[in-house]
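One file, coords.txt, is given below (compact mmCIF, C-alpha atoms and all ligand atoms).
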```txt
# COMPACT_ATOMS: atom_id res chain seq x y z
CA MET A 1 105.80 163.21 199.85
CA THR A 2 102.37 164.04 201.22
CA HIS A 3 99.62 164.31 198.60
CA PRO A 4 99.18 168.06 197.98
CA MET A 5 95.41 168.04 198.59
CA LEU A 6 95.63 166.48 202.06
CA ARG A 7 96.31 168.32 205.30
CA LEU A 8 98.00 166.19 207.96
CA THR A 9 98.55 167.11 211.59
CA ASP A 10 102.22 167.34 212.57
CA GLU A 11 101.78 164.26 214.77
CA VAL A 12 100.51 162.15 211.85
CA HIS A 13 102.99 163.61 209.36
CA ASP A 14 105.98 162.88 211.58
CA ALA A 15 104.83 159.35 212.44
CA LEU A 16 104.38 158.47 208.76
CA ALA A 17 107.73 160.02 207.85
CA ASP A 18 109.43 157.91 210.54
CA GLY A 19 107.55 154.71 209.62
CA ARG A 20 105.87 154.60 213.02
CA PRO A 21 102.38 153.01 213.37
CA VAL A 22 99.38 155.17 212.45
CA VAL A 23 95.71 154.17 212.69
CA ALA A 24 93.04 155.90 210.59
CA LEU A 25 89.58 156.57 212.06
CA GLU A 26 86.41 157.52 210.18
CA SER A 27 84.08 160.44 210.90
CA THR A 28 80.64 159.31 209.67
CA ILE A 29 80.49 157.25 212.86
CA ILE A 30 80.86 160.58 214.72
CA SER A 31 78.54 162.81 212.65
CA HIS A 32 75.89 160.30 211.57
CA GLY A 33 76.45 157.15 213.60
CA MET A 34 75.98 158.23 217.22
CA PRO A 35 74.12 161.00 219.10
CA TYR A 36 75.79 164.09 220.56
CA PRO A 37 77.60 164.36 222.96
CA GLU A 38 78.41 160.63 223.29
CA ASN A 39 79.84 160.73 219.76
CA VAL A 40 82.46 163.35 220.63
CA ALA A 41 83.40 161.62 223.88
CA MET A 42 83.81 158.35 221.95
CA ALA A 43 85.98 160.02 219.29
CA ASN A 44 88.34 161.55 221.84
CA GLU A 45 88.50 158.38 223.91
CA VAL A 46 89.28 156.16 220.93
CA GLU A 47 92.14 158.46 219.90
CA GLN A 48 93.54 158.17 223.42
CA ILE A 49 93.24 154.37 223.40
CA ILE A 50 95.25 154.26 220.18
CA ARG A 51 97.96 156.47 221.68
CA ASP A 52 98.02 154.37 224.87
CA ASN A 53 98.56 151.32 222.68
CA GLY A 54 101.58 152.70 220.88
CA ALA A 55 100.15 154.14 217.65
CA VAL A 56 99.17 157.58 216.35
CA PRO A 57 95.45 158.19 215.65
CA ALA A 58 94.43 159.93 212.42
CA THR A 59 90.74 160.80 212.35
CA ILE A 60 89.81 161.62 208.74
CA ALA A 61 87.20 164.18 207.64
CA ILE A 62 86.78 167.11 205.25
CA LEU A 63 86.73 170.62 206.72
CA ASP A 64 86.04 173.59 204.43
CA GLY A 65 86.73 171.33 201.46
CA VAL A 66 90.14 170.19 202.72
CA PRO A 67 90.63 166.46 203.39
CA ARG A 68 92.13 166.33 206.87
CA VAL A 69 94.17 163.41 208.20
CA GLY A 70 94.33 163.90 211.95
CA LEU A 71 92.06 166.32 213.81
CA ASP A 72 92.27 168.27 217.04
CA ALA A 73 89.60 168.33 219.77
CA ASP A 74 87.86 171.34 218.15
CA GLY A 75 87.58 169.45 214.87
CA LEU A 76 86.05 166.43 216.61
CA GLU A 77 83.59 168.69 218.47
CA LEU A 78 82.54 170.36 215.20
CA LEU A 79 81.98 167.03 213.46
CA GLY A 80 79.94 165.72 216.36
CA SER A 81 77.75 168.76 216.97
CA ASP A 82 77.26 170.65 213.67
CA ASP A 83 74.10 169.90 211.66
CA ASN A 84 75.67 170.77 208.30
CA ILE A 85 78.14 167.94 207.91
CA THR A 86 77.60 166.00 204.68
CA LYS A 87 77.92 162.22 204.80
CA VAL A 88 80.70 161.61 202.27
CA SER A 89 81.20 158.33 200.49
CA VAL A 90 83.63 158.12 197.56
CA ARG A 91 81.18 159.51 195.02
CA ASP A 92 80.62 162.60 197.24
CA LEU A 93 84.33 163.40 197.76
CA PRO A 94 84.84 165.59 194.65
CA TYR A 95 81.66 167.60 195.32
CA VAL A 96 82.43 168.36 198.95
CA VAL A 97 86.06 169.24 198.18
CA ALA A 98 85.23 171.44 195.19
CA GLN A 99 82.40 173.20 197.04
CA GLY A 100 84.50 173.81 200.16
CA LEU A 101 82.06 171.99 202.48
CA HIS A 102 82.43 170.05 205.71
CA GLY A 103 82.13 166.29 205.27
CA ALA A 104 82.19 163.18 207.44
CA THR A 105 83.86 160.26 205.69
CA THR A 106 82.42 156.73 205.52
CA VAL A 107 84.49 153.56 205.54
CA ALA A 108 84.87 153.83 201.75
CA SER A 109 86.09 157.43 201.59
CA THR A 110 88.17 157.08 204.76
CA MET A 111 89.96 154.11 203.17
CA ARG A 112 90.63 156.14 200.03
CA LEU A 113 92.06 159.13 201.92
CA ALA A 114 94.01 156.92 204.34
CA ALA A 115 95.66 155.16 201.39
CA LEU A 116 96.50 158.52 199.78
CA ALA A 117 98.23 159.49 203.04
CA GLY A 118 100.09 156.16 203.27
CA ILE A 119 98.10 154.67 206.19
CA ARG A 120 97.41 150.93 206.03
CA VAL A 121 95.29 150.26 209.17
CA PHE A 122 91.86 151.74 209.87
CA VAL A 123 89.61 151.19 212.89
CA THR A 124 85.84 151.59 212.89
CA GLY A 125 82.70 150.05 214.40
CA GLY A 126 80.70 148.50 211.59
CA LEU A 127 81.12 148.12 207.84
CA GLY A 128 78.53 148.96 205.24
CA GLY A 129 77.41 146.07 203.06
CA VAL A 130 74.60 144.57 201.05
CA HIS A 131 71.30 145.88 202.42
CA ARG A 132 68.41 143.55 203.01
CA GLY A 133 66.22 143.59 199.92
CA ALA A 134 69.15 144.70 197.74
CA GLU A 135 67.90 142.40 194.97
CA GLN A 136 65.17 145.05 194.53
CA SER A 137 66.77 148.28 195.79
CA MET A 138 70.34 147.56 194.53
CA ASP A 139 71.54 149.23 197.74
CA VAL A 140 75.06 147.89 198.20
CA SER A 141 77.44 150.08 200.15
CA ALA A 142 80.41 151.57 198.32
CA ASP A 143 82.40 150.31 201.32
CA LEU A 144 82.48 146.93 199.58
CA THR A 145 83.74 148.15 196.20
CA GLU A 146 86.38 150.21 197.99
CA LEU A 147 87.51 147.12 199.88
CA GLY A 148 87.95 145.52 196.47
CA THR A 149 90.46 148.13 195.32
CA THR A 150 92.14 150.10 198.11
CA ASP A 151 95.03 148.70 200.16
CA VAL A 152 93.86 149.28 203.74
CA ALA A 153 93.00 146.78 206.49
CA VAL A 154 89.74 147.68 208.24
CA VAL A 155 89.09 146.56 211.81
CA SER A 156 85.36 146.32 212.56
CA ALA A 157 83.04 144.25 214.75
CA GLY A 158 81.58 142.62 211.65
CA VAL A 159 78.33 143.42 209.91
CA LYS A 160 75.10 144.12 211.74
CA SER A 161 71.88 142.51 210.69
CA ILE A 162 70.38 145.74 209.32
CA LEU A 163 72.31 144.28 206.36
CA ASP A 164 72.13 140.91 204.66
CA ILE A 165 75.18 139.32 206.26
CA GLY A 166 75.28 136.30 203.92
CA LEU A 167 75.13 138.39 200.75
CA THR A 168 77.73 140.80 202.14
CA LEU A 169 80.14 137.89 202.67
CA GLU A 170 79.43 136.62 199.13
CA LYS A 171 80.13 140.05 197.65
CA LEU A 172 83.41 140.33 199.56
CA GLU A 173 84.45 136.95 198.19
CA THR A 174 83.68 138.08 194.64
CA LEU A 175 85.77 141.21 195.19
CA GLY A 176 88.75 139.18 196.41
CA VAL A 177 88.71 140.58 199.93
CA PRO A 178 90.10 138.40 202.73
CA VAL A 179 87.59 138.33 205.59
CA VAL A 180 89.34 137.34 208.81
CA ALA A 181 87.63 136.75 212.14
CA TYR A 182 89.91 137.53 215.05
CA GLY A 183 90.18 134.75 217.64
CA THR A 184 86.95 133.04 216.59
CA ASP A 185 85.60 130.71 213.91
CA GLU A 186 82.33 132.60 213.48
CA PHE A 187 81.84 135.89 211.67
CA PRO A 188 80.58 138.39 214.29
CA SER A 189 77.46 140.52 213.80
CA PHE A 190 78.41 143.76 215.57
CA PHE A 191 76.16 143.67 218.66
CA SER A 192 76.59 139.90 218.94
CA ARG A 193 79.60 137.61 218.78
CA SER A 194 77.63 135.23 216.58
CA SER A 195 75.91 135.60 213.21
CA GLY A 196 75.23 132.04 212.12
CA PHE A 197 77.89 132.43 209.40
CA ALA A 198 81.30 130.78 209.58
CA ALA A 199 84.19 133.17 209.10
CA PRO A 200 86.08 132.49 205.85
CA MET A 201 89.41 132.77 207.74
CA ARG A 202 90.57 132.97 211.33
CA LEU A 203 93.71 134.52 212.83
CA ASP A 204 94.65 134.78 216.48
CA THR A 205 97.44 137.35 216.83
CA PRO A 206 98.17 140.85 215.50
CA ALA A 207 101.43 139.51 214.01
CA GLU A 208 99.48 136.96 211.94
CA VAL A 209 97.17 139.71 210.68
CA ALA A 210 100.14 141.89 209.70
CA GLY A 211 101.62 138.86 207.93
CA LEU A 212 98.45 138.38 205.88
CA MET A 213 98.43 142.08 204.92
CA ARG A 214 102.03 141.92 203.75
CA ALA A 215 101.45 138.70 201.82
CA LYS A 216 98.41 140.13 200.05
CA TRP A 217 100.06 143.35 198.97
CA ASP A 218 103.44 141.79 198.22
CA LEU A 219 101.59 139.49 195.81
CA GLY A 220 100.25 142.58 194.08
CA ILE A 221 96.65 141.83 195.05
CA HIS A 222 95.16 145.27 195.52
CA GLY A 223 92.33 145.91 197.93
CA GLY A 224 91.49 145.78 201.59
CA VAL A 225 91.36 143.25 204.36
CA VAL A 226 88.34 142.88 206.64
CA LEU A 227 89.40 142.09 210.21
CA ALA A 228 86.25 141.23 212.13
CA ASN A 229 86.78 141.54 215.88
CA PRO A 230 83.91 140.20 217.99
CA ILE A 231 82.43 142.48 220.65
CA PRO A 232 83.66 141.47 224.15
CA ALA A 233 81.28 138.92 225.71
CA ALA A 234 80.51 141.23 228.64
CA ASP A 235 79.22 143.95 226.27
CA GLU A 236 77.31 141.73 223.87
CA ILE A 237 73.57 142.13 223.20
CA PRO A 238 72.11 138.65 222.58
CA ALA A 239 71.02 138.16 218.96
CA ALA A 240 67.46 137.31 220.02
CA GLU A 241 67.16 140.65 221.80
CA ILE A 242 68.70 142.91 219.15
CA ASP A 243 66.99 141.14 216.23
CA GLY A 244 63.59 142.40 217.40
CA VAL A 245 64.94 145.94 217.71
CA ILE A 246 66.45 145.79 214.21
CA SER A 247 63.23 144.41 212.70
CA GLN A 248 61.27 147.26 214.27
CA ALA A 249 63.78 149.82 212.96
CA LEU A 250 63.62 148.35 209.43
CA HIS A 251 59.80 148.42 209.59
CA ASP A 252 59.81 152.07 210.72
CA MET A 253 62.24 153.00 207.94
CA GLU A 254 59.95 151.52 205.32
CA GLY A 255 57.01 153.39 206.82
CA GLU A 256 58.91 156.66 206.55
CA GLY A 257 60.05 155.95 202.98
CA ILE A 258 63.73 156.43 203.84
CA HIS A 259 66.32 154.96 201.49
CA GLY A 260 69.72 155.57 199.85
CA LYS A 261 72.45 157.29 201.86
CA ASP A 262 70.00 158.15 204.66
CA ALA A 263 69.16 154.50 205.34
CA THR A 264 72.15 153.55 207.52
CA PRO A 265 72.11 156.74 209.68
CA TYR A 266 68.33 156.42 210.16
CA LEU A 267 68.59 152.78 211.24
CA LEU A 268 71.49 153.41 213.65
CA ASN A 269 69.62 156.28 215.30
CA ARG A 270 66.34 154.35 215.48
CA ILE A 271 68.09 151.33 217.03
CA VAL A 272 69.47 153.58 219.79
CA GLU A 273 65.95 154.93 220.43
CA ILE A 274 64.18 151.57 220.45
CA SER A 275 66.86 149.92 222.60
CA GLN A 276 66.76 152.90 224.97
CA GLY A 277 70.47 153.46 224.65
CA ALA A 278 71.61 149.85 225.10
CA SER A 279 72.81 149.68 221.48
CA LEU A 280 74.88 152.85 221.96
CA THR A 281 76.64 151.43 225.01
CA ALA A 282 77.48 148.27 223.07
CA ASN A 283 78.57 150.27 220.02
CA ILE A 284 81.01 152.36 222.06
CA ALA A 285 82.39 149.25 223.80
CA LEU A 286 83.12 147.49 220.52
CA VAL A 287 84.84 150.53 219.02
CA ARG A 288 87.14 150.69 222.08
CA ASN A 289 87.92 147.01 221.63
CA ASN A 290 88.66 147.52 217.93
CA ALA A 291 90.99 150.43 218.72
CA VAL A 292 93.15 148.22 220.94
CA LEU A 293 93.42 145.56 218.22
CA GLY A 294 93.97 148.07 215.41
CA ALA A 295 96.84 149.72 217.26
CA ALA A 296 98.45 146.32 217.83
CA VAL A 297 98.11 145.37 214.15
CA ALA A 298 99.56 148.74 213.08
CA ARG A 299 102.52 148.19 215.44
CA GLU A 300 103.21 144.74 214.01
CA TYR A 301 102.84 145.94 210.43
CA ALA A 302 105.20 148.87 210.99
CA ALA A 303 107.74 146.75 212.88
CA ALA A 304 108.13 144.24 210.07
CA ARG A 305 108.76 146.79 207.32
N1 LIG B 401 77.68 151.01 210.58
C1 LIG B 401 77.77 151.40 211.88
N2 LIG B 401 78.08 152.68 212.16
C2 LIG B 401 78.35 153.59 211.18
C3 LIG B 401 78.27 153.17 209.82
C4 LIG B 401 77.94 151.87 209.56
O1 LIG B 401 77.53 150.61 212.77
O2 LIG B 401 78.62 154.75 211.50
C5 LIG B 401 78.60 154.15 208.74
C6 LIG B 401 80.04 153.93 208.24
O3 LIG B 401 80.61 155.19 207.96
C7 LIG B 401 79.82 153.17 206.95
C8 LIG B 401 78.56 153.81 206.46
O4 LIG B 401 80.89 153.32 206.03
O5 LIG B 401 77.76 153.95 207.61
C9 LIG B 401 77.87 153.00 205.40
O6 LIG B 401 76.86 153.77 204.83
P1 LIG B 401 76.13 153.26 203.50
O7 LIG B 401 75.40 152.02 203.93
O8 LIG B 401 75.24 154.39 203.13
O9 LIG B 401 77.21 153.01 202.51
MN MN B 402 73.59 152.69 200.18
```

Reformat the file's structure so that it appears as structure tokens.
Ligand code: PSU
Ligand code: MN
Amino acid sequence: MTHPMLRLTDEVHDALADGRPVVALESTIISHGMPYPENVAMANEVEQIIRDNGAVPATIAILDGVPRVGLDADGLELLGSDDNITKVSVRDLPYVVAQGLHGATTVASTMRLAALAGIRVFVTGGLGGVHRGAEQSMDVSADLTELGTTDVAVVSAGVKSILDIGLTLEKLETLGVPVVAYGTDEFPSFFSRSSGFAAPMRLDTPAEVAGLMRAKWDLGIHGGVVLANPIPAADEIPAAEIDGVISQALHDMEGEGIHGKDATPYLLNRIVEISQGASLTANIALVRNNAVLGAAVAREYAAAR
């Protein structure tokens, strides 16, 4: 039975009813994470990659107050081009639904809606986490608390160094979230394959990842799984290069007095500007790569049930 407040596309509804693999996708990455029109092209392309790899894509967003699971091309265009799309984390969900607004969902709220729909695998670019200076600002993304409670595996390219990577890993440990690096011993840092932090766990095949998901939830341990998939070597921006860009962006943000929910979108946009588009190219490449892995994990998870 579909939750009465959700609207699924027929494609997603039928796949879930048949137990076929479905992969959730978030929409903040479209509305607030990349510039137009590259964002819309990325969103359409990633859906196609998931179909080509044997799963059904379900991009999640809120349109006119209705949580949507699966969107058509017009919906993706609206999310990418309209200026009145609210960035919706979990705390914003009731407001945007009750007020009948358009909203782009973050990792946290996408996880929550995916779980309500019965989807267990979710592909994105980067996770939110503990912001640098959080010991003063207390800015810790709700993505982390959601990972502590909601049963969805999230495929990302790790955590970028706009955040405090070490503290983010500590917080995930506290919350009981398995953090798995895919095919590597080091936790990746989004633009770079390295971060200087060892990954808490390593797995090398989609079947092993699906096995970990099943073991976690069969044991009754609620919450997510972080699957950190390093950016392909050919698309990587060396840490030394991107670190300077990130430092500049953080400096500019402080100068402009930006904080709270605007911090991450500001930094992502500023990094694209300072890197003259190089960060955007890398960002799109790593999302493609995550889509291939997420589809494979969803296939393995569905096959074993
Ligand atoms: N990191 C990215 N791209 C993104 C985001 C993070 O590289 O688009 C978005 C995701 O939607 C993530 C959100 O859930 O930012 C985190 O925002 P905050 O730090 O305000 O919780
Ligand atoms: Mn925040």

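The residue that comes closest to ligand LIG 401 (chain B), out of A:Arg202, A:His222, A:His251, A:Lys87 and on the basis of only C-alpha atoms and all ligand atoms, is A:Lys87.
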
Exercise for review: Can you pull out every residue within 10 Å of Ile62 (chain A), counting all atoms listed in the file, but drop anything in the same chain fewer than 2 positions away, and send it as a PyMOL selection string?
Suggested key: chain A and resi 6-7+27+60+64-69+75+79+85-86+88+93+96-97+100-105

Pick out the residues no farther than 9 Å from ligand MN 402 (chain B), counting all atoms listed in the file, and list them as a compact mmCIF listing (two decimals) with C-alpha atoms, in the frame of the given file.
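Printed below is result_26.txt as written:
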```txt
# COMPACT_ATOMS: atom_id res chain seq x y z
CA GLY A 128 78.53 148.96 205.24
CA GLY A 129 77.41 146.07 203.06
CA VAL A 130 74.60 144.57 201.05
CA HIS A 131 71.30 145.88 202.42
CA MET A 138 70.34 147.56 194.53
CA ASP A 139 71.54 149.23 197.74
CA VAL A 140 75.06 147.89 198.20
CA SER A 141 77.44 150.08 200.15
CA ALA A 142 80.41 151.57 198.32
CA HIS A 259 66.32 154.96 201.49
CA GLY A 260 69.72 155.57 199.85
CA LYS A 261 72.45 157.29 201.86
CA ASP A 262 70.00 158.15 204.66
CA ALA A 263 69.16 154.50 205.34
CA THR A 264 72.15 153.55 207.52
```

Point to revise | Who sits within 7 Å of Val56 (chain A), all atoms listed in the file, same chain under 3 positions skipped, as an MDAnalysis selection string | key: chainID A and resid 12 21:23 50:51

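Ranking A:Pro4, A:Pro35, A:Pro206, A:Gly223 by their shortest atom-to-atom distance to ligand LIG 401 (chain B), with only C-alpha atoms and all ligand atoms included, puts A:Pro35 first.
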
Check your understanding: When distances are computed from only C-alpha atoms and all ligand atoms, which of A:Leu78, A:Leu16, A:Ala233, A:Ala134 shows the smallest separation from ligand LIG 401 (chain B)?
Key -> A:Ala134

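Between CA of Gly126 (chain A) and CA of Gly211 (chain A) the separation is 23.3 Å.
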
Exercise for review: Just the residues within 12 Å of Trp217 (chain A), please, counting only C-alpha atoms, with nothing from its chain fewer than 2 positions along; format it as an MDAnalysis selection string.
Suggested key: chainID A and resid 120 149:153 177:178 210:215 219:225

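If all atoms listed in the file are the atoms counted, then among A:Ala240, A:Ala115, A:Ala58, A:Leu267 the closest residue to ligand LIG 401 (chain B) is A:Leu267.
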
Review point. Can you tell me, as a ChimeraX atom specification, what residues are no more than 8 Å from Pro232 (chain A) when counting only C-alpha atoms, ignoring any on the same chain fewer than 5 positions away?
Key: /A:193,285-286,289

Practice item. Can you work out the spacing between CA of Ala24 (chain A) and CA of Ser195 (chain A) in Å, to one decimal? Key: 26.7 Å

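The coordinates place CA of Thr124 (chain A) at 12.4 Å from CA of Ile231 (chain A).
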
Practice item. Measuring atom to atom with only C-alpha atoms and all ligand atoms, identify which of A:Glu254, A:Glu273, A:Glu146, A:Glu26 is nearest to ligand LIG 401 (chain B). Key: A:Glu26

Exercise for review: Using only C-alpha atoms, give me every residue within 9 Å of (70.0, 140.6, 203.9) in file coordinates, as a VMD selection string.
Suggested key: chain A and resid 130 to 134 161 to 168

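The closest residue to ligand LIG 401 (chain B), picked from A:Gln248, A:Thr9, A:Thr106, A:Gln48 and counting all atoms listed in the file, is A:Thr106.
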
As a PDB file, keeping the file's coordinate frame, the rebuilt region 228-252 of chain A with N, CA, C and O atoms:
```
ATOM      1  N   ALA A 228      87.495 141.184 211.358  1.00  0.00           N
ATOM      2  CA  ALA A 228      86.250 141.230 212.130  1.00  0.00           C
ATOM      3  C   ALA A 228      86.539 140.798 213.561  1.00  0.00           C
ATOM      4  O   ALA A 228      86.887 139.650 213.815  1.00  0.00           O
ATOM      5  N   ASN A 229      86.396 141.739 214.477  1.00  0.00           N
ATOM      6  CA  ASN A 229      86.780 141.540 215.880  1.00  0.00           C
ATOM      7  C   ASN A 229      85.500 141.460 216.704  1.00  0.00           C
ATOM      8  O   ASN A 229      84.782 142.458 216.821  1.00  0.00           O
ATOM      9  N   PRO A 230      85.188 140.314 217.277  1.00  0.00           N
ATOM     10  CA  PRO A 230      83.910 140.200 217.990  1.00  0.00           C
ATOM     11  C   PRO A 230      83.843 141.111 219.216  1.00  0.00           C
ATOM     12  O   PRO A 230      84.838 141.312 219.908  1.00  0.00           O
ATOM     13  N   ILE A 231      82.680 141.674 219.451  1.00  0.00           N
ATOM     14  CA  ILE A 231      82.430 142.480 220.650  1.00  0.00           C
ATOM     15  C   ILE A 231      82.782 141.639 221.893  1.00  0.00           C
ATOM     16  O   ILE A 231      82.531 140.425 221.908  1.00  0.00           O
ATOM     17  N   PRO A 232      83.394 142.239 222.933  1.00  0.00           N
ATOM     18  CA  PRO A 232      83.660 141.470 224.150  1.00  0.00           C
ATOM     19  C   PRO A 232      82.370 140.856 224.717  1.00  0.00           C
ATOM     20  O   PRO A 232      81.313 141.494 224.664  1.00  0.00           O
ATOM     21  N   ALA A 233      82.481 139.637 225.234  1.00  0.00           N
ATOM     22  CA  ALA A 233      81.280 138.920 225.710  1.00  0.00           C
ATOM     23  C   ALA A 233      80.493 139.746 226.724  1.00  0.00           C
ATOM     24  O   ALA A 233      79.256 139.743 226.724  1.00  0.00           O
ATOM     25  N   ALA A 234      81.188 140.477 227.577  1.00  0.00           N
ATOM     26  CA  ALA A 234      80.510 141.230 228.640  1.00  0.00           C
ATOM     27  C   ALA A 234      79.649 142.364 228.080  1.00  0.00           C
ATOM     28  O   ALA A 234      78.719 142.827 228.751  1.00  0.00           O
ATOM     29  N   ASP A 235      79.934 142.804 226.858  1.00  0.00           N
ATOM     30  CA  ASP A 235      79.220 143.950 226.270  1.00  0.00           C
ATOM     31  C   ASP A 235      78.193 143.538 225.220  1.00  0.00           C
ATOM     32  O   ASP A 235      77.481 144.378 224.668  1.00  0.00           O
ATOM     33  N   GLU A 236      78.130 142.238 224.957  1.00  0.00           N
ATOM     34  CA  GLU A 236      77.310 141.730 223.870  1.00  0.00           C
ATOM     35  C   GLU A 236      75.807 141.912 224.147  1.00  0.00           C
ATOM     36  O   GLU A 236      75.368 141.791 225.292  1.00  0.00           O
ATOM     37  N   ILE A 237      75.034 142.183 223.100  1.00  0.00           N
ATOM     38  CA  ILE A 237      73.570 142.130 223.200  1.00  0.00           C
ATOM     39  C   ILE A 237      73.148 140.840 222.493  1.00  0.00           C
ATOM     40  O   ILE A 237      73.462 140.658 221.313  1.00  0.00           O
ATOM     41  N   PRO A 238      72.467 139.937 223.198  1.00  0.00           N
ATOM     42  CA  PRO A 238      72.110 138.650 222.580  1.00  0.00           C
ATOM     43  C   PRO A 238      71.330 138.864 221.281  1.00  0.00           C
ATOM     44  O   PRO A 238      70.500 139.770 221.192  1.00  0.00           O
ATOM     45  N   ALA A 239      71.639 138.025 220.282  1.00  0.00           N
ATOM     46  CA  ALA A 239      71.020 138.160 218.960  1.00  0.00           C
ATOM     47  C   ALA A 239      69.499 138.216 219.066  1.00  0.00           C
ATOM     48  O   ALA A 239      68.848 139.037 218.399  1.00  0.00           O
ATOM     49  N   ALA A 240      68.921 137.376 219.910  1.00  0.00           N
ATOM     50  CA  ALA A 240      67.460 137.310 220.020  1.00  0.00           C
ATOM     51  C   ALA A 240      66.882 138.665 220.431  1.00  0.00           C
ATOM     52  O   ALA A 240      65.811 139.070 219.976  1.00  0.00           O
ATOM     53  N   GLU A 241      67.631 139.360 221.292  1.00  0.00           N
ATOM     54  CA  GLU A 241      67.160 140.650 221.800  1.00  0.00           C
ATOM     55  C   GLU A 241      67.293 141.740 220.734  1.00  0.00           C
ATOM     56  O   GLU A 241      66.352 142.502 220.486  1.00  0.00           O
ATOM     57  N   ILE A 242      68.453 141.817 220.096  1.00  0.00           N
ATOM     58  CA  ILE A 242      68.700 142.910 219.150  1.00  0.00           C
ATOM     59  C   ILE A 242      67.963 142.680 217.834  1.00  0.00           C
ATOM     60  O   ILE A 242      67.586 143.644 217.149  1.00  0.00           O
ATOM     61  N   ASP A 243      67.693 141.420 217.490  1.00  0.00           N
ATOM     62  CA  ASP A 243      66.990 141.140 216.230  1.00  0.00           C
ATOM     63  C   ASP A 243      65.609 141.803 216.200  1.00  0.00           C
ATOM     64  O   ASP A 243      65.189 142.351 215.182  1.00  0.00           O
ATOM     65  N   GLY A 244      64.912 141.768 217.335  1.00  0.00           N
ATOM     66  CA  GLY A 244      63.590 142.400 217.400  1.00  0.00           C
ATOM     67  C   GLY A 244      63.691 143.904 217.218  1.00  0.00           C
ATOM     68  O   GLY A 244      62.859 144.525 216.541  1.00  0.00           O
ATOM     69  N   VAL A 245      64.718 144.493 217.823  1.00  0.00           N
ATOM     70  CA  VAL A 245      64.940 145.940 217.710  1.00  0.00           C
ATOM     71  C   VAL A 245      65.219 146.308 216.247  1.00  0.00           C
ATOM     72  O   VAL A 245      64.665 147.282 215.708  1.00  0.00           O
ATOM     73  N   ILE A 246      66.077 145.511 215.603  1.00  0.00           N
ATOM     74  CA  ILE A 246      66.450 145.790 214.210  1.00  0.00           C
ATOM     75  C   ILE A 246      65.240 145.633 213.283  1.00  0.00           C
ATOM     76  O   ILE A 246      65.009 146.463 212.391  1.00  0.00           O
ATOM     77  N   SER A 247      64.438 144.600 213.517  1.00  0.00           N
ATOM     78  CA  SER A 247      63.230 144.410 212.700  1.00  0.00           C
ATOM     79  C   SER A 247      62.303 145.603 212.818  1.00  0.00           C
ATOM     80  O   SER A 247      61.758 146.089 211.819  1.00  0.00           O
ATOM     81  N   GLN A 248      62.125 146.084 214.044  1.00  0.00           N
ATOM     82  CA  GLN A 248      61.270 147.260 214.270  1.00  0.00           C
ATOM     83  C   GLN A 248      61.829 148.478 213.524  1.00  0.00           C
ATOM     84  O   GLN A 248      61.083 149.221 212.871  1.00  0.00           O
ATOM     85  N   ALA A 249      63.148 148.665 213.621  1.00  0.00           N
ATOM     86  CA  ALA A 249      63.780 149.820 212.960  1.00  0.00           C
ATOM     87  C   ALA A 249      63.616 149.742 211.434  1.00  0.00           C
ATOM     88  O   ALA A 249      63.309 150.745 210.780  1.00  0.00           O
ATOM     89  N   LEU A 250      63.792 148.531 210.873  1.00  0.00           N
ATOM     90  CA  LEU A 250      63.620 148.350 209.430  1.00  0.00           C
ATOM     91  C   LEU A 250      62.174 148.635 209.014  1.00  0.00           C
ATOM     92  O   LEU A 250      61.910 149.277 207.991  1.00  0.00           O
ATOM     93  N   HIS A 251      61.225 148.187 209.844  1.00  0.00           N
ATOM     94  CA  HIS A 251      59.800 148.420 209.590  1.00  0.00           C
ATOM     95  C   HIS A 251      59.500 149.921 209.605  1.00  0.00           C
ATOM     96  O   HIS A 251      58.817 150.443 208.718  1.00  0.00           O
ATOM     97  N   ASP A 252      60.045 150.619 210.605  1.00  0.00           N
ATOM     98  CA  ASP A 252      59.810 152.070 210.720  1.00  0.00           C
ATOM     99  C   ASP A 252      60.416 152.808 209.523  1.00  0.00           C
ATOM    100  O   ASP A 252      59.839 153.778 209.025  1.00  0.00           O
TER     101      ASP A 252
END
```
